[in-house]
Amino acid sequence: MDQIYLRPIGFAASPQSEHGGTVRLAGGMVYGHRFAIIRRSGAEILSRTVVSADGMAESLGRLPDNLAAEAEAQWGALRFAHPSLQLGERTIRLDQPQIMGVLNVTPDSFSDGGEFLDDPEAGRAHAAAMVEAGAALVDIGGESTRPRAAATWEGDELKRVIPAVEYCAAMGAAISVDTRRPAVMEAALDAGAHVINDVSALRHDPRSLELVAARGCTVILMHAPGAGGDLHAGGEYDNVVLDVFDWLKSARDRAMAAGVARERIILDPGIGFGKSLSNNLALINALPLFHALGQPLVLGASRKRMIGALSNEAPAAERLGGSVALAVAGMDAGIQLLRVHDVAASVQARNVWRGLRDAALTDFSDVPED
């Protein structure tokens with residue numbers, strides 16, 4: 001069966017720089033003006049047509065009926081302005097990049113394992129510092145999902161996560177919990193969490209779908225090729241960008257079929273999960289395509305191994321520059337939520353990035369008055 005994809009490939013600093021011939025990607029601060037309409041069948045790319053924003057309607061009108069509806073849906077999704085997330089007392093606007101700060105309460109995280117596990121005061125202080133620095137959301141994880149990490153017993157995960165949720169809730173933070181176990185999800189929501197961030201996309205336990213649908217909470221569905229205990233297994237792709245796009249589309253539709261409201265679904269391409277360096281680079285370069293799925297997007301690339309692979313194997317603690325570079329790449333792609341370890345540096349980068357965008361948007365200096 002033929003499939004179609006609308007990939008933004010040309011970007012402008014402002015609408016006026018293209019005489020208005022742009023679309024505002026996902027209602028954010030990135031403007032697209034050239035797009036590739038890609039058709040494929042299985043592993044084979046059948047055609048690739050480059051069109052302008054102004055020429056899109058005509059190009060879509062020439063598509064066969066079996067592809068036209070999906071193409072129109074993707075074109076609408078690329079232009080859809082996502083409403084703000086209301087998480088407890090906090091409102092998170094999705095018309096600009098937002099920062100998710102990582103709080104690991106695990107003994108074996110690749111980046112800061114054990115630092116906040118046995119010292120609740122240190123964890124509380126770190127969470128407070130992230131919120132004060134500008135994190136819109138604190139993402140709490142009690143199980144390491146790095147390659148070859150040992151499985152965590154549910155009881156241990158609960159003991160790690162719930163106290164962290166409670167002290168973050170007490171300070172009024174918006175909270176997501178990085179877990180794939182429904183018992184942890186339920187206890188975390190009861191303790192004050194607002195978002196479930198499931199690296200298995202609600203596949204690890206069939207009860208997770210029912211729970212998330214019943215609680216009406218926001219959920220992040222991440223791509224990972226492994227269906228069992230090893231999320232990194234099975235990372236073989238015909239075309240990593242299009243395969244991950246199709247997988248996330250199916251994950252979104254599966255959640256909706258189970259009763260999860262579409263406006264509660266956020267998607268994550270899963271950088272580093274069952275993907276080679278070349279896979280990860282291809283995905284990051286193609287991030288604007290994923291707006292065609294019609295959901296807000298998360299990018300979690302902070303301190304990941306790909307940075308070390310491009311930086312003389314720098315250890316996780318020495319990957320700040322690469323992490324900020326990837327965060328800025330996410331901003332340039334219109335990503336709404338950037339999951340990072342180094343909140344203050346990322347917020348500063350975001351603020352400078354936004355300053356540049358705001359300046360471009362109000363700059364008409366080379367546009368004739370008439």
# chains A, B, ... in the order shown; residues from 1 in each chain; ligands from 1
>>> residues_around(residues="A:Ala214", least_positions_apart="4", cutoff="9 Å", atoms="only C-alpha atoms", output="ChimeraX atom specification")
/A:209-210,259-260
>>> write_last_selection(atoms="N, CA and C atoms", output="mmCIF file, in the first residue's frame")
data_model
loop_
_atom_site.group_PDB
_atom_site.id
_atom_site.type_symbol
_atom_site.label_atom_id
_atom_site.label_comp_id
_atom_site.auth_asym_id
_atom_site.auth_seq_id
_atom_site.Cartn_x
_atom_site.Cartn_y
_atom_site.Cartn_z
ATOM 1 N N LEU A 209 -2.923 1.309 28.948
ATOM 2 C CA LEU A 209 -3.846 2.026 28.060
ATOM 3 C C LEU A 209 -5.152 2.348 28.776
ATOM 4 N N GLU A 210 -5.722 1.344 29.418
ATOM 5 C CA GLU A 210 -6.993 1.538 30.120
ATOM 6 C C GLU A 210 -6.850 2.563 31.238
ATOM 7 N N GLY A 259 -9.461 5.039 23.985
ATOM 8 C CA GLY A 259 -10.191 6.057 24.717
ATOM 9 C C GLY A 259 -9.365 7.226 25.213
ATOM 10 N N VAL A 260 -8.079 7.278 24.843
ATOM 11 C CA VAL A 260 -7.250 8.428 25.223
ATOM 12 C C VAL A 260 -7.588 9.584 24.284
#
>>> atom_distance(atom1="atom CA of A:Asn197", atom2="atom CA of A:Asp178")
4.6 Å
>>> select_by_dssp(residues="stretch 145-179 of chain A", states="alpha helix (DSSP H)", output="list in words")
Glu154, Gly155, Asp156, Glu157, Leu158, Lys159, Arg160, Val161, Ile162, Pro163, Ala164, Val165, Glu166, Tyr167, Cys168, Ala169 and Ala170 of chain A
>>> write_last_selection(atoms="C-alpha atoms", output="compact mmCIF listing (two decimals), in the first residue's frame")
# COMPACT_ATOMS: atom_id res chain seq x y z
CA GLU A 154 7.90 -2.36 40.66
CA GLY A 155 8.11 -1.98 44.43
CA ASP A 156 11.54 -0.35 44.19
CA GLU A 157 10.33 2.02 41.48
CA LEU A 158 7.40 3.09 43.66
CA LYS A 159 9.71 3.75 46.63
CA ARG A 160 11.92 5.91 44.46
CA VAL A 161 9.32 7.84 42.50
CA ILE A 162 6.46 8.63 44.87
CA PRO A 163 8.45 10.67 47.43
CA ALA A 164 9.91 12.70 44.55
CA VAL A 165 6.44 13.31 43.12
CA GLU A 166 5.23 14.42 46.54
CA TYR A 167 7.97 16.96 47.14
CA CYS A 168 7.68 18.32 43.60
CA ALA A 169 3.89 18.60 43.99
CA ALA A 170 4.37 20.43 47.29
>>> closest_residue(among="A:His291, A:His19, A:His223, A:His232", to="A:Gly270", atoms="only C-alpha atoms")
A:His223
>>> residues_around(residues="A:Asp54", least_positions_apart="4", cutoff="12 Å", atoms="only C-alpha atoms", output="list in words")
Glu18, His19, Gly20, Gly21, Thr22, Val23, Gly32, His33, Arg34, Phe35, Val50, Glu58, Ser59 and Leu60 of chain A
>>> write_last_selection(atoms="N, CA, C and O atoms", output="PDB file, in the first residue's frame")
ATOM      1  N   GLU A  18       9.350  35.806   3.121  1.00  0.00           N
ATOM      2  CA  GLU A  18       8.884  35.051   1.948  1.00  0.00           C
ATOM      3  C   GLU A  18       7.615  35.665   1.374  1.00  0.00           C
ATOM      4  O   GLU A  18       6.798  34.971   0.760  1.00  0.00           O
ATOM      5  N   HIS A  19       7.422  36.969   1.619  1.00  0.00           N
ATOM      6  CA  HIS A  19       6.245  37.700   1.122  1.00  0.00           C
ATOM      7  C   HIS A  19       4.941  37.005   1.526  1.00  0.00           C
ATOM      8  O   HIS A  19       3.988  36.965   0.767  1.00  0.00           O
ATOM      9  N   GLY A  20       4.937  36.459   2.742  1.00  0.00           N
ATOM     10  CA  GLY A  20       3.735  35.823   3.266  1.00  0.00           C
ATOM     11  C   GLY A  20       3.546  34.385   2.846  1.00  0.00           C
ATOM     12  O   GLY A  20       2.602  33.735   3.310  1.00  0.00           O
ATOM     13  N   GLY A  21       4.439  33.849   2.031  1.00  0.00           N
ATOM     14  CA  GLY A  21       4.264  32.482   1.525  1.00  0.00           C
ATOM     15  C   GLY A  21       4.812  31.437   2.460  1.00  0.00           C
ATOM     16  O   GLY A  21       5.636  30.594   2.069  1.00  0.00           O
ATOM     17  N   THR A  22       4.371  31.458   3.718  1.00  0.00           N
ATOM     18  CA  THR A  22       4.833  30.497   4.723  1.00  0.00           C
ATOM     19  C   THR A  22       3.646  29.943   5.502  1.00  0.00           C
ATOM     20  O   THR A  22       2.541  30.499   5.459  1.00  0.00           O
ATOM     21  N   VAL A  23       3.907  28.876   6.230  1.00  0.00           N
ATOM     22  CA  VAL A  23       2.963  28.406   7.235  1.00  0.00           C
ATOM     23  C   VAL A  23       3.695  28.356   8.566  1.00  0.00           C
ATOM     24  O   VAL A  23       4.902  28.082   8.623  1.00  0.00           O
ATOM     25  N   GLY A  32       7.602  27.530   7.787  1.00  0.00           N
ATOM     26  CA  GLY A  32       7.995  26.711   6.659  1.00  0.00           C
ATOM     27  C   GLY A  32       7.477  27.288   5.358  1.00  0.00           C
ATOM     28  O   GLY A  32       6.353  27.808   5.310  1.00  0.00           O
ATOM     29  N   HIS A  33       8.302  27.184   4.298  1.00  0.00           N
ATOM     30  CA  HIS A  33       7.834  27.698   3.012  1.00  0.00           C
ATOM     31  C   HIS A  33       8.055  26.711   1.854  1.00  0.00           C
ATOM     32  O   HIS A  33       7.504  26.906   0.771  1.00  0.00           O
ATOM     33  N   ARG A  34       8.836  25.644   2.080  1.00  0.00           N
ATOM     34  CA  ARG A  34       9.010  24.608   1.063  1.00  0.00           C
ATOM     35  C   ARG A  34       8.814  23.250   1.704  1.00  0.00           C
ATOM     36  O   ARG A  34       9.225  23.013   2.848  1.00  0.00           O
ATOM     37  N   PHE A  35       8.183  22.375   0.948  1.00  0.00           N
ATOM     38  CA  PHE A  35       7.794  21.074   1.486  1.00  0.00           C
ATOM     39  C   PHE A  35       8.060  19.993   0.445  1.00  0.00           C
ATOM     40  O   PHE A  35       7.917  20.230  -0.763  1.00  0.00           O
ATOM     41  N   VAL A  50       8.856  18.614  -4.669  1.00  0.00           N
ATOM     42  CA  VAL A  50       9.061  19.787  -3.827  1.00  0.00           C
ATOM     43  C   VAL A  50       8.090  20.880  -4.246  1.00  0.00           C
ATOM     44  O   VAL A  50       7.988  21.210  -5.437  1.00  0.00           O
ATOM     45  N   GLU A  58      -2.737  23.019  -4.823  1.00  0.00           N
ATOM     46  CA  GLU A  58      -2.761  22.476  -6.184  1.00  0.00           C
ATOM     47  C   GLU A  58      -2.094  21.107  -6.245  1.00  0.00           C
ATOM     48  O   GLU A  58      -2.599  20.180  -6.898  1.00  0.00           O
ATOM     49  N   SER A  59      -0.991  20.944  -5.569  1.00  0.00           N
ATOM     50  CA  SER A  59      -0.279  19.671  -5.586  1.00  0.00           C
ATOM     51  C   SER A  59      -1.093  18.572  -4.923  1.00  0.00           C
ATOM     52  O   SER A  59      -1.146  17.436  -5.416  1.00  0.00           O
ATOM     53  N   LEU A  60      -1.745  18.880  -3.821  1.00  0.00           N
ATOM     54  CA  LEU A  60      -2.564  17.870  -3.154  1.00  0.00           C
ATOM     55  C   LEU A  60      -3.767  17.499  -4.010  1.00  0.00           C
ATOM     56  O   LEU A  60      -4.239  16.355  -3.989  1.00  0.00           O
TER      57      LEU A  60
END
>>> closest_residue(among="A:Met222, A:Ala133, A:Gly235, A:Asp358", to="A:Asp342", atoms="only C-alpha atoms")
A:Ala133
>>> atom_distance(atom1="atom CA of A:Arg181", atom2="atom CA of A:Leu277")
28.9 Å
>>> select_by_dssp(residues="stretch 153-261 of chain A", states="strand (DSSP E)", output="mmCIF file with C-alpha atoms, in the first residue's frame")
data_model
loop_
_atom_site.group_PDB
_atom_site.id
_atom_site.type_symbol
_atom_site.label_atom_id
_atom_site.label_comp_id
_atom_site.auth_asym_id
_atom_site.auth_seq_id
_atom_site.Cartn_x
_atom_site.Cartn_y
_atom_site.Cartn_z
ATOM 1 C CA ILE A 175 5.171 16.865 36.995
ATOM 2 C CA SER A 176 5.622 14.062 34.496
ATOM 3 C CA VAL A 177 6.623 10.560 35.547
ATOM 4 C CA ASP A 178 8.838 8.446 33.318
ATOM 5 C CA VAL A 195 1.741 13.556 32.831
ATOM 6 C CA ILE A 196 2.725 9.948 32.141
ATOM 7 C CA ASN A 197 5.910 9.695 30.054
ATOM 8 C CA ASP A 198 5.996 6.086 28.824
ATOM 9 C CA THR A 218 -1.685 13.699 29.365
ATOM 10 C CA VAL A 219 0.608 10.961 28.050
ATOM 11 C CA ILE A 220 3.896 10.999 26.141
ATOM 12 C CA LEU A 221 4.260 8.076 23.726
ATOM 13 C CA MET A 222 7.868 7.415 22.745
#
>>> closest_residue(among="A:Phe273, A:Asn280, A:Ala345, A:Ala128", to="A:Gly321", atoms="only C-alpha atoms")
A:Ala345
>>> closest_atom_pairs(of="stretch 351-370 of chain A", to="stretch 327-336 of chain A", cutoff="10 Å", atoms="only C-alpha atoms", output="tab-separated table")
residue	atom	partner	partner_atom	distance
A:Trp353	CA	A:Val328	CA	7.7
A:Arg354	CA	A:Met331	CA	9.1
A:Arg357	CA	A:Asp332	CA	9.9
>>> write_last_selection(atoms="N, CA, C and O atoms", output="short mmCIF file (atom, residue, chain, number, x, y, z; two decimals), in the first residue's frame")
data_model
loop_
_atom_site.label_atom_id
_atom_site.label_comp_id
_atom_site.auth_asym_id
_atom_site.auth_seq_id
_atom_site.Cartn_x
_atom_site.Cartn_y
_atom_site.Cartn_z
N TRP A 353 17.37 32.21 21.63
CA TRP A 353 16.72 31.74 20.39
C TRP A 353 15.42 32.51 20.17
O TRP A 353 15.14 32.98 19.07
N ARG A 354 14.62 32.64 21.24
CA ARG A 354 13.36 33.35 21.09
C ARG A 354 13.59 34.83 20.78
O ARG A 354 12.83 35.44 20.00
N ARG A 357 14.10 35.10 17.16
CA ARG A 357 12.83 34.89 16.44
C ARG A 357 11.94 36.11 16.54
O ARG A 357 11.32 36.54 15.56
#
>>> closest_atom_pairs(of="stretch 296-318 of chain A", to="stretch 87-97 of chain A", cutoff="12 Å", atoms="only C-alpha atoms", output="Markdown table")
| residue | atom | partner | partner_atom | distance |
| --- | --- | --- | --- | --- |
| A:Pro296 | CA | A:Leu94 | CA | 7.6 |
| A:Leu297 | CA | A:Leu94 | CA | 9.7 |
| A:Val298 | CA | A:Pro97 | CA | 9.9 |
| A:Leu299 | CA | A:Pro97 | CA | 10.6 |
>>> residues_around(residues="A:Gln3", least_positions_apart="5", cutoff="9 Å", atoms="only C-alpha atoms", output="list of chain:residue names")
A:Ile38, A:Arg39, A:Arg40, A:Ser41, A:Gly42, A:Leu67, A:Glu70
>>> write_last_selection(atoms="all heavy atoms", output="short mmCIF file (atom, residue, chain, number, x, y, z; two decimals), in the first residue's frame")
data_model
loop_
_atom_site.label_atom_id
_atom_site.label_comp_id
_atom_site.auth_asym_id
_atom_site.auth_seq_id
_atom_site.Cartn_x
_atom_site.Cartn_y
_atom_site.Cartn_z
N ILE A 38 6.33 13.18 -0.29
CA ILE A 38 7.05 11.92 -0.49
C ILE A 38 6.05 10.77 -0.54
O ILE A 38 5.19 10.64 0.34
CB ILE A 38 8.05 11.68 0.65
CG1 ILE A 38 9.04 12.85 0.74
CG2 ILE A 38 8.79 10.36 0.46
CD1 ILE A 38 9.83 12.89 2.03
N ARG A 39 6.19 9.96 -1.56
CA ARG A 39 5.37 8.74 -1.67
C ARG A 39 6.28 7.53 -1.59
O ARG A 39 7.36 7.52 -2.18
CB ARG A 39 4.60 8.71 -2.99
CG ARG A 39 3.50 9.75 -3.10
CD ARG A 39 2.84 9.74 -4.47
NE ARG A 39 2.23 8.45 -4.77
CZ ARG A 39 1.59 8.17 -5.91
NH1 ARG A 39 1.51 9.09 -6.86
NH2 ARG A 39 1.04 6.99 -6.10
N ARG A 40 5.85 6.54 -0.84
CA ARG A 40 6.62 5.29 -0.82
C ARG A 40 5.69 4.10 -0.76
O ARG A 40 4.54 4.19 -0.33
CB ARG A 40 7.62 5.25 0.33
CG ARG A 40 7.05 4.96 1.72
CD ARG A 40 8.18 4.53 2.65
NE ARG A 40 7.71 4.38 4.02
CZ ARG A 40 8.39 3.77 4.98
NH1 ARG A 40 9.58 3.24 4.73
NH2 ARG A 40 7.92 3.68 6.20
N SER A 41 6.23 2.96 -1.18
CA SER A 41 5.53 1.69 -1.10
C SER A 41 6.50 0.71 -0.47
O SER A 41 7.53 0.38 -1.06
CB SER A 41 5.12 1.21 -2.49
OG SER A 41 4.46 -0.05 -2.40
N GLY A 42 6.19 0.27 0.75
CA GLY A 42 7.13 -0.58 1.45
C GLY A 42 8.41 0.17 1.71
O GLY A 42 8.42 1.27 2.26
N LEU A 67 -4.60 8.56 -1.49
CA LEU A 67 -3.58 9.28 -0.74
C LEU A 67 -4.02 10.69 -0.35
O LEU A 67 -3.47 11.29 0.57
CB LEU A 67 -2.29 9.38 -1.55
CG LEU A 67 -1.59 8.07 -1.89
CD1 LEU A 67 -0.39 8.33 -2.79
CD2 LEU A 67 -1.16 7.33 -0.63
N GLU A 70 -5.16 11.44 3.46
CA GLU A 70 -4.06 11.45 4.41
C GLU A 70 -3.17 12.67 4.21
O GLU A 70 -2.73 13.30 5.18
CB GLU A 70 -3.23 10.17 4.27
CG GLU A 70 -1.94 10.14 5.08
CD GLU A 70 -2.14 10.23 6.58
OE1 GLU A 70 -3.27 9.96 7.07
OE2 GLU A 70 -1.17 10.60 7.27
#
>>> residues_around(residues="A:Arg254", least_positions_apart="3", cutoff="12 Å", atoms="only C-alpha atoms", output="ChimeraX atom specification")
/A:201-203,206,209-210,213,221,247-251,257-262,265
>>> atom_distance(atom1="atom CA of A:Leu78", atom2="atom CA of A:Ser323")
26.2 Å
>>> residues_around(residues="A:Arg339", least_positions_apart="3", cutoff="7 Å", atoms="only C-alpha atoms", output="PDB file with N, CA and C atoms, in the first residue's frame")
ATOM      1  N   ILE A  99      10.908  23.821  28.421  1.00  0.00           N
ATOM      2  CA  ILE A  99      11.973  22.970  28.944  1.00  0.00           C
ATOM      3  C   ILE A  99      11.416  22.012  29.995  1.00  0.00           C
ATOM      4  N   MET A 100      11.685  20.719  29.813  1.00  0.00           N
ATOM      5  CA  MET A 100      11.394  19.678  30.807  1.00  0.00           C
ATOM      6  C   MET A 100      12.703  19.353  31.518  1.00  0.00           C
ATOM      7  N   GLY A 101      12.730  19.499  32.824  1.00  0.00           N
ATOM      8  CA  GLY A 101      13.927  19.174  33.582  1.00  0.00           C
ATOM      9  C   GLY A 101      13.888  17.751  34.082  1.00  0.00           C
ATOM     10  N   VAL A 102      14.992  17.018  33.942  1.00  0.00           N
ATOM     11  CA  VAL A 102      15.064  15.612  34.320  1.00  0.00           C
ATOM     12  C   VAL A 102      15.474  15.481  35.788  1.00  0.00           C
ATOM     13  N   VAL A 298       8.062  15.918  21.840  1.00  0.00           N
ATOM     14  CA  VAL A 298       9.145  15.974  22.818  1.00  0.00           C
ATOM     15  C   VAL A 298      10.437  15.558  22.129  1.00  0.00           C
ATOM     16  N   LEU A 299      11.532  16.229  22.456  1.00  0.00           N
ATOM     17  CA  LEU A 299      12.862  15.795  22.037  1.00  0.00           C
ATOM     18  C   LEU A 299      13.688  15.548  23.291  1.00  0.00           C
ATOM     19  N   GLY A 300      14.134  14.308  23.464  1.00  0.00           N
ATOM     20  CA  GLY A 300      14.994  13.949  24.586  1.00  0.00           C
ATOM     21  C   GLY A 300      16.344  13.488  24.074  1.00  0.00           C
ATOM     22  N   SER A 302      19.344  15.062  25.470  1.00  0.00           N
ATOM     23  CA  SER A 302      20.316  15.587  26.422  1.00  0.00           C
ATOM     24  C   SER A 302      21.285  14.512  26.912  1.00  0.00           C
TER      25      SER A 302
END
>>> closest_residue(among="A:Gly274, A:Asp268, A:Gly142, A:Asp243", to="A:Gly226", atoms="only C-alpha atoms")
A:Gly274
